[in-house]
file data-v9.cif (mmCIF, C-alpha atoms)
data_model
loop_
_atom_site.label_atom_id
_atom_site.label_comp_id
_atom_site.auth_asym_id
_atom_site.auth_seq_id
_atom_site.Cartn_x
_atom_site.Cartn_y
_atom_site.Cartn_z
CA MET A 1 -37.26 -1.04 18.54
CA HIS A 2 -33.96 -2.43 17.42
CA ALA A 3 -35.06 -5.54 15.54
CA ARG A 4 -36.62 -3.89 12.51
CA ARG A 5 -33.94 -5.57 10.45
CA LEU A 6 -34.16 -7.52 7.25
CA LEU A 7 -32.57 -10.96 7.22
CA ILE A 8 -32.29 -12.63 3.84
CA GLY A 9 -33.38 -16.13 4.80
CA VAL A 10 -37.01 -17.20 4.74
CA VAL A 11 -38.59 -16.69 8.15
CA PRO A 12 -41.43 -18.91 9.43
CA LEU A 13 -44.73 -17.08 9.33
CA VAL A 14 -46.34 -15.82 12.50
CA LEU A 15 -50.00 -16.62 12.20
CA VAL A 16 -52.41 -13.80 12.90
CA ALA A 17 -56.17 -13.76 12.55
CA THR A 18 -57.54 -12.40 9.31
CA ALA A 19 -60.19 -9.75 9.19
CA CYS A 20 -61.06 -8.62 5.68
CA GLY A 21 -60.62 -12.19 4.44
CA GLY A 22 -63.09 -13.68 6.91
CA GLU A 23 -66.57 -13.20 5.53
CA GLU A 24 -68.40 -13.77 8.82
CA SER A 25 -66.73 -10.80 10.49
CA SER A 26 -65.53 -8.70 7.57
CA THR A 27 -67.69 -5.67 8.28
CA SER A 28 -68.81 -3.54 11.19
CA THR A 29 -71.02 -0.51 11.72
CA SER A 30 -69.91 2.91 12.90
CA ASP A 31 -71.71 4.92 15.58
CA SER A 32 -73.40 6.85 12.78
CA GLY A 33 -74.63 3.65 11.15
CA LYS A 34 -72.08 3.61 8.33
CA LYS A 35 -70.95 0.19 7.11
CA LEU A 36 -67.20 -0.29 7.55
CA ASP A 37 -64.77 -2.89 6.22
CA LYS A 38 -62.83 -4.47 9.08
CA VAL A 39 -59.15 -4.32 8.15
CA THR A 40 -55.97 -5.49 9.88
CA LEU A 41 -52.67 -3.64 9.55
CA THR A 42 -49.56 -5.38 10.86
CA LEU A 43 -46.66 -3.05 11.64
CA ASN A 44 -42.97 -3.75 11.09
CA TRP A 45 -42.37 -3.93 14.84
CA TYR A 46 -43.87 -3.01 18.19
CA PRO A 47 -45.34 0.51 18.06
CA TYR A 48 -42.85 3.37 18.21
CA GLY A 49 -42.90 7.02 17.13
CA GLU A 50 -43.00 6.37 13.40
CA HIS A 51 -46.40 4.72 13.75
CA ALA A 52 -48.18 7.74 15.29
CA PRO A 53 -50.17 8.58 12.11
CA PHE A 54 -52.02 5.25 12.20
CA TYR A 55 -53.19 5.76 15.76
CA TYR A 56 -54.00 9.41 15.11
CA GLY A 57 -55.93 8.54 11.96
CA LYS A 58 -57.94 5.99 13.88
CA GLN A 59 -58.57 8.39 16.76
CA GLU A 60 -59.66 11.19 14.42
CA LYS A 61 -61.92 8.80 12.48
CA ILE A 62 -60.02 9.34 9.22
CA PHE A 63 -60.07 5.62 8.49
CA GLU A 64 -63.75 5.50 9.38
CA LYS A 65 -64.40 8.33 6.90
CA HIS A 66 -62.95 6.07 4.21
CA GLY A 67 -65.13 3.15 5.27
CA ILE A 68 -62.44 1.30 7.23
CA ASP A 69 -62.55 -0.17 10.74
CA LEU A 70 -58.80 -0.41 11.40
CA ASP A 71 -57.16 -2.95 13.71
CA ILE A 72 -53.45 -2.10 14.23
CA ARG A 73 -51.20 -4.99 15.26
CA ALA A 74 -47.58 -5.16 16.35
CA GLY A 75 -45.12 -6.90 14.04
CA GLN A 76 -41.97 -8.92 14.55
CA GLY A 77 -39.72 -7.50 11.85
CA SER A 78 -40.33 -6.32 8.30
CA GLN A 79 -39.67 -9.67 6.65
CA LYS A 80 -42.25 -11.47 8.79
CA THR A 81 -44.74 -8.71 8.00
CA VAL A 82 -44.07 -9.13 4.27
CA GLN A 83 -44.56 -12.89 4.53
CA ALA A 84 -47.75 -12.61 6.60
CA THR A 85 -49.21 -10.01 4.23
CA ALA A 86 -48.51 -12.19 1.20
CA ALA A 87 -50.11 -15.19 2.92
CA GLY A 88 -53.28 -13.24 3.70
CA GLN A 89 -52.73 -13.52 7.44
CA THR A 90 -53.07 -9.75 7.66
CA ASP A 91 -54.87 -7.51 5.20
CA PHE A 92 -52.13 -4.90 4.99
CA GLY A 93 -48.56 -4.57 6.21
CA TRP A 94 -46.21 -1.74 7.07
CA ALA A 95 -42.68 -2.81 6.24
CA ASP A 96 -39.27 -1.81 4.92
CA THR A 97 -38.96 -1.72 1.13
CA PRO A 98 -35.75 -3.85 1.12
CA ALA A 99 -37.78 -6.64 2.76
CA LEU A 100 -40.42 -6.29 0.04
CA LEU A 101 -37.79 -6.41 -2.72
CA ALA A 102 -36.12 -9.48 -1.22
CA GLY A 103 -39.50 -11.17 -0.75
CA VAL A 104 -40.61 -10.60 -4.35
CA ASP A 105 -37.18 -11.81 -5.47
CA GLN A 106 -37.96 -15.08 -3.65
CA GLY A 107 -41.40 -15.37 -5.26
CA VAL A 108 -43.49 -13.92 -2.43
CA LYS A 109 -46.77 -12.54 -3.82
CA VAL A 110 -46.93 -9.08 -2.29
CA LYS A 111 -46.84 -5.52 -3.61
CA SER A 112 -46.28 -2.05 -2.27
CA LEU A 113 -49.23 0.32 -2.32
CA GLY A 114 -46.88 3.22 -1.74
CA VAL A 115 -43.72 4.01 0.20
CA PHE A 116 -44.24 6.76 2.77
CA LEU A 117 -40.71 7.04 4.14
CA GLN A 118 -38.99 7.92 0.88
CA THR A 119 -35.74 9.19 2.38
CA THR A 120 -33.93 6.42 4.18
CA PRO A 121 -33.36 6.85 7.92
CA ALA A 122 -30.31 4.56 7.60
CA SER A 123 -27.39 6.12 9.42
CA VAL A 124 -24.29 5.70 11.50
CA GLN A 125 -25.14 6.80 15.05
CA PHE A 126 -22.74 7.84 17.80
CA PHE A 127 -22.38 10.10 20.81
CA ASP A 128 -21.34 13.68 20.08
CA ALA A 129 -18.21 13.15 22.16
CA GLN A 130 -16.83 10.84 19.44
CA GLY A 131 -16.11 13.89 17.32
CA ILE A 132 -17.37 12.27 14.12
CA GLU A 133 -18.45 14.98 11.71
CA ALA A 134 -17.95 13.46 8.26
CA PRO A 135 -17.72 9.97 6.71
CA ALA A 136 -13.91 10.26 6.61
CA ASP A 137 -13.95 10.37 10.42
CA LEU A 138 -15.15 6.76 10.45
CA LYS A 139 -11.71 5.51 9.42
CA GLY A 140 -10.26 3.35 12.16
CA ARG A 141 -13.57 3.17 14.02
CA THR A 142 -15.56 0.13 15.13
CA ILE A 143 -19.27 0.19 14.36
CA ALA A 144 -21.92 -2.23 15.63
CA GLY A 145 -23.92 -3.85 12.84
CA THR A 146 -26.01 -6.97 12.26
CA ALA A 147 -24.80 -9.37 9.58
CA GLY A 148 -27.24 -9.83 6.71
CA ASP A 149 -29.56 -6.92 7.41
CA ALA A 150 -30.26 -4.06 5.02
CA LEU A 151 -28.05 -1.64 6.94
CA SER A 152 -24.99 -3.86 6.87
CA LYS A 153 -25.58 -4.73 3.21
CA THR A 154 -25.76 -1.08 2.13
CA PHE A 155 -23.02 0.27 4.44
CA PRO A 156 -20.22 -0.76 2.02
CA ILE A 157 -22.00 1.22 -0.73
CA PHE A 158 -22.16 4.24 1.60
CA LEU A 159 -18.44 3.92 2.32
CA LYS A 160 -17.58 3.54 -1.36
CA LYS A 161 -19.57 6.64 -2.31
CA ASN A 162 -17.54 8.58 0.25
CA GLY A 163 -14.13 7.28 -0.82
CA ILE A 164 -13.68 4.92 2.13
CA GLY A 165 -12.59 1.31 1.82
CA ASP A 166 -14.37 -1.55 3.59
CA SER A 167 -11.19 -2.31 5.53
CA ASP A 168 -11.03 1.25 6.88
CA VAL A 169 -13.97 0.60 9.21
CA THR A 170 -14.55 -2.46 11.42
CA VAL A 171 -18.16 -3.64 11.57
CA GLN A 172 -18.62 -5.69 14.73
CA ASN A 173 -21.39 -8.24 14.28
CA THR A 174 -23.87 -7.53 17.04
CA ASP A 175 -27.35 -8.79 17.80
CA PRO A 176 -29.85 -6.00 17.03
CA ALA A 177 -30.96 -5.81 20.66
CA GLY A 178 -27.36 -5.36 21.79
CA LYS A 179 -26.23 -2.57 19.47
CA ILE A 180 -27.20 0.30 21.75
CA ALA A 181 -25.55 -1.41 24.73
CA ALA A 182 -22.37 -1.87 22.69
CA VAL A 183 -22.17 1.88 22.07
CA ILE A 184 -23.08 2.91 25.61
CA SER A 185 -20.48 0.53 27.08
CA GLY A 186 -17.78 1.80 24.73
CA LYS A 187 -17.29 -1.53 22.98
CA THR A 188 -18.02 0.19 19.68
CA ASP A 189 -17.76 3.81 18.56
CA GLY A 190 -21.21 3.79 16.99
CA LEU A 191 -23.89 1.65 15.43
CA LEU A 192 -25.74 1.18 12.16
CA GLY A 193 -29.36 2.07 12.75
CA TYR A 194 -32.31 4.21 11.81
CA ALA A 195 -32.31 7.88 12.75
CA SER A 196 -36.03 7.62 13.49
CA ASP A 197 -35.61 4.63 15.80
CA GLN A 198 -32.48 3.70 17.76
CA GLY A 199 -30.90 7.16 18.08
CA PRO A 200 -33.58 8.75 20.28
CA THR A 201 -33.68 5.60 22.43
CA MET A 202 -29.90 5.60 22.88
CA GLN A 203 -29.90 9.28 23.77
CA ASP A 204 -32.63 8.70 26.37
CA LYS A 205 -30.87 5.72 27.94
CA ALA A 206 -27.41 7.30 28.14
CA LYS A 207 -28.54 10.90 28.75
CA LYS A 208 -25.93 11.98 26.23
CA PRO A 209 -26.52 13.70 22.88
CA VAL A 210 -26.43 11.49 19.79
CA SER A 211 -25.38 12.56 16.30
CA TYR A 212 -25.80 10.90 12.92
CA LEU A 213 -24.20 10.42 9.55
CA ARG A 214 -27.29 9.86 7.46
CA PHE A 215 -26.78 7.83 4.30
CA SER A 216 -29.17 10.14 2.45
CA GLU A 217 -27.05 13.20 3.22
CA HIS A 218 -23.89 11.53 1.95
CA GLY A 219 -24.77 10.25 -1.50
CA LEU A 220 -26.97 7.22 -0.86
CA ASN A 221 -30.75 7.22 -0.70
CA PHE A 222 -33.37 4.51 -1.09
CA TYR A 223 -36.96 3.85 -0.11
CA SER A 224 -37.75 2.77 3.44
CA ASN A 225 -41.12 1.89 5.02
CA GLY A 226 -44.42 1.72 3.22
CA LEU A 227 -47.84 0.11 2.91
CA LEU A 228 -48.11 -3.44 1.50
CA ALA A 229 -50.88 -5.75 0.32
CA GLY A 230 -51.03 -9.34 -0.83
CA GLN A 231 -52.52 -10.62 -4.07
CA ARG A 232 -55.67 -11.86 -2.32
CA ILE A 233 -56.97 -8.43 -1.34
CA LEU A 234 -55.66 -6.77 -4.51
CA ALA A 235 -57.58 -9.25 -6.64
CA ALA A 236 -60.74 -9.62 -4.55
CA LYS A 237 -61.15 -6.20 -2.97
CA PRO A 238 -59.13 -3.60 -4.86
CA GLU A 239 -61.55 -0.88 -3.78
CA VAL A 240 -60.69 -1.58 -0.13
CA ALA A 241 -56.99 -1.26 -0.96
CA GLU A 242 -57.63 2.04 -2.73
CA ARG A 243 -59.54 3.42 0.26
CA MET A 244 -56.86 2.18 2.64
CA VAL A 245 -54.11 4.01 0.71
CA LYS A 246 -56.12 7.23 0.75
CA ALA A 247 -56.87 6.90 4.48
CA VAL A 248 -53.22 6.25 5.33
CA SER A 249 -52.07 9.22 3.25
CA GLU A 250 -54.64 11.52 4.85
CA SER A 251 -53.68 10.28 8.31
CA TRP A 252 -50.00 11.01 7.68
CA ALA A 253 -50.81 14.48 6.38
CA ALA A 254 -53.00 15.20 9.41
CA ALA A 255 -50.40 13.86 11.86
CA ALA A 256 -47.68 15.99 10.27
CA GLU A 257 -49.78 19.06 11.09
CA ALA A 258 -50.44 17.92 14.66
CA ALA A 259 -47.33 16.08 15.83
CA GLY A 260 -48.05 16.45 19.54
CA PRO A 261 -51.62 15.11 19.41
CA ALA A 262 -50.50 12.38 17.00
CA VAL A 263 -47.91 11.10 19.47
CA ALA A 264 -50.44 11.40 22.31
CA ALA A 265 -52.82 9.17 20.33
CA MET A 266 -50.36 6.28 20.82
CA GLU A 267 -50.95 6.14 24.58
CA GLY A 268 -51.64 2.54 25.59
CA ALA A 269 -50.70 1.16 22.17
CA SER A 270 -48.22 -1.34 23.61
CA GLU A 271 -46.55 -2.38 26.84
CA GLN A 272 -43.25 -1.88 24.98
CA LEU A 273 -44.10 1.70 24.01
CA PRO A 274 -41.08 4.02 24.46
CA PRO A 275 -41.29 7.07 26.76
CA LYS A 276 -43.21 10.01 25.31
CA THR A 277 -40.02 12.06 24.89
CA VAL A 278 -38.54 9.28 22.75
CA LEU A 279 -41.77 8.88 20.78
CA SER A 280 -41.82 12.61 20.06
CA GLU A 281 -38.21 12.62 18.87
CA GLN A 282 -38.78 9.54 16.73
CA PHE A 283 -41.81 11.07 15.04
CA LYS A 284 -40.08 14.43 14.59
CA THR A 285 -37.30 12.67 12.70
CA THR A 286 -39.77 10.52 10.76
CA LEU A 287 -41.42 13.64 9.36
CA THR A 288 -38.11 14.55 7.65
CA LEU A 289 -38.28 11.32 5.64
CA LEU A 290 -41.58 11.68 3.78
CA HIS A 291 -40.36 12.90 0.40
CA THR A 292 -37.64 12.92 -2.20
CA ASP A 293 -36.96 15.90 -4.46
CA ALA A 294 -39.38 14.36 -6.96
CA THR A 295 -42.32 14.19 -4.52
CA GLU A 296 -41.76 17.30 -2.40
CA GLY A 297 -45.06 19.12 -1.96
CA LYS A 298 -47.15 16.08 -2.91
CA ALA A 299 -49.37 14.02 -0.64
CA PRO A 300 -47.65 11.46 1.62
CA GLY A 301 -47.30 8.15 -0.18
CA VAL A 302 -47.08 9.48 -3.74
CA ASN A 303 -44.20 7.61 -5.40
CA THR A 304 -42.32 7.95 -8.68
CA GLU A 305 -41.02 5.23 -10.96
CA ALA A 306 -37.56 6.83 -10.97
CA ASP A 307 -37.28 6.68 -7.17
CA TRP A 308 -38.41 3.05 -7.23
CA GLN A 309 -35.82 2.21 -9.88
CA GLN A 310 -33.08 3.85 -7.84
CA THR A 311 -34.04 1.74 -4.83
CA ILE A 312 -34.09 -1.47 -6.87
CA ASP A 313 -30.65 -0.62 -8.28
CA VAL A 314 -29.19 -0.02 -4.80
CA PHE A 315 -30.32 -3.39 -3.48
CA ALA A 316 -29.27 -5.21 -6.61
CA GLU A 317 -25.78 -3.75 -6.04
CA ALA A 318 -25.99 -4.75 -2.37
CA GLY A 319 -26.73 -8.34 -3.38
CA MET A 320 -30.17 -8.42 -1.77
CA VAL A 321 -32.01 -8.65 -5.10
CA ASN A 322 -30.62 -11.37 -7.34
CA THR A 323 -33.02 -10.92 -10.25
CA PRO A 324 -34.15 -7.30 -10.53
CA LYS A 325 -37.61 -6.90 -12.05
CA ALA A 326 -39.57 -4.03 -13.54
CA VAL A 327 -40.92 -1.47 -11.10
CA ASP A 328 -44.51 -2.70 -11.46
CA ALA A 329 -43.48 -6.10 -10.11
CA TYR A 330 -42.98 -4.41 -6.73
CA TRP A 331 -45.35 -1.42 -6.80
CA ASP A 332 -49.07 -1.75 -7.54
CA THR A 333 -49.70 1.34 -9.64
CA LYS A 334 -53.43 0.53 -10.02
CA THR A 335 -54.18 1.33 -6.37
CA ALA A 336 -51.32 3.77 -5.83
CA LEU A 337 -51.89 7.45 -5.13
CA LYS A 338 -51.65 9.63 -8.17
CA GLY A 339 -49.29 12.59 -7.90
#
call {"tool": "encode", "arguments": {"input": "data-v9.cif", "output": "structure tokens"}}
result
Amino acid sequence: MHARRLLIGVVPLVLVATACGGEESSTSTSDSGKKLDKVTLTLNWYPYGEHAPFYYGKQEKIFEKHGIDLDIRAGQGSQKTVQATAAGQTDFGWADTPALLAGVDQGVKVKSLGVFLQTTPASVQFFDAQGIEAPADLKGRTIAGTAGDALSKTFPIFLKKNGIGDSDVTVQNTDPAGKIAAVISGKTDGLLGYASDQGPTMQDKAKKPVSYLRFSEHGLNFYSNGLLAGQRILAAKPEVAERMVKAVSESWAAAAEAAGPAVAAMEGASEQLPPKTVLSEQFKTTLTLLHTDATEGKAPGVNTEADWQQTIDVFAEAGMVNTPKAVDAYWDTKTALKG
């Protein structure tokens, strides 16, 4: 779970078979005889709790209702998913918005169809015994982070917003896979991670309660994971993209009302699947991330231009977007859900 990071450099593409782009196998037929478009969705990483709505939507035939035969595939990090989606090696991607912004900044032809995790899960994570209750308690602490990823790039902004200098906290450069071990072993006091990802895993491994300082609760919010498409499908099959967005939104809404069954639908999704207790905790936390104040009460995946602009501004300040563009350079409003 721990490698959902964004690294700035261009990553070689991982080739995956196309579905919607291959005419000879681009459609299938449902049990009821309905013609379906075969579609691939590549995740940001191996399946974990956040992804439950996709499996639940497939199980409950929500995608089928929208004319989609969905093939869900594991990813190898958000940036690789962005690159593969742009190259048409997968029809759709599920990836972190910072990776999308950085990709577009580098000329990658990909757009968001809607961000679903609109409150960032970015956080400082630590065991309760550390006694950290407020950002000021981080002074003098050592936190595990990964150089160049979105968390480490935005952490200085988080500190600044809370009146803390960069030199007040030591960020120990740690490989993503080693961050949890660093905290459990006591080498660091905490780690930079996602509340919907590493925290539940760390708590399960150590059998000790984990607490968080969420960026969003201390003055810094930005968009997180969402649905992506490349120019090929947007140009050639916009109606498929529109149906996909609607199916994903409906699946998230249904899963939010049936969290237990949604998590159960993930059974067998991957050999790397976390224990069910971890999956449940991950998805429970994920459901707290679906909206901002501007979209509260609206369908999952409905975005606003103001929230997009705020996210662009944050990553321009963090140095991850060198040439900020207009919102519509990143977000395809033609296929987006209307609020």
call {"tool": "residues_around", "arguments": {"input": "data-v9.cif", "residues": "segment 263-277 of chain A", "least_positions_apart": "6", "cutoff": "6 Å", "atoms": "only C-alpha atoms", "output": "PyMOL selection string"}}
result
chain A and resi 52+55-56
call {"tool": "atom_distance", "arguments": {"input": "data-v9.cif", "atom1": "atom CA of Lys80 of chain A", "atom2": "atom CA of Ala329 of chain A"}}
result
19.7 Å
call {"tool": "closest_residue", "arguments": {"input": "data-v9.cif", "among": "A:Val183, A:Leu191, A:Leu234, A:Ala95", "to": "Thr333 of chain A", "atoms": "only C-alpha atoms"}}
result
A:Leu234
call {"tool": "resolve_selection", "arguments": {"input": "data-v9.cif", "expression": "the PyMOL selection byres ((chain A and resi 126) around 10)", "output": "list in words"}}
result
Ser123, Val124, Gln125, Phe127, Asp128, Ala129, Gln130, Gly131, Ile132, Ile143, Ile180, Val183, Ile184, Thr188, Asp189, Gly190, Leu191, Leu192, Gly199, Met202, Gln203, Lys208, Pro209, Val210, Ser211, Tyr212 and Leu213 of chain A
call {"tool": "residues_around", "arguments": {"input": "data-v9.cif", "residues": "Gly75 of chain A", "least_positions_apart": "3", "cutoff": "6 Å", "atoms": "only C-alpha atoms", "output": "list in words"}}
result
Thr42, Leu43, Asn44, Trp45 and Tyr46 of chain A
call {"tool": "atom_distance", "arguments": {"input": "data-v9.cif", "atom1": "atom CA of Leu159 of chain A", "atom2": "atom CA of Arg214 of chain A"}}
result
11.8 Å
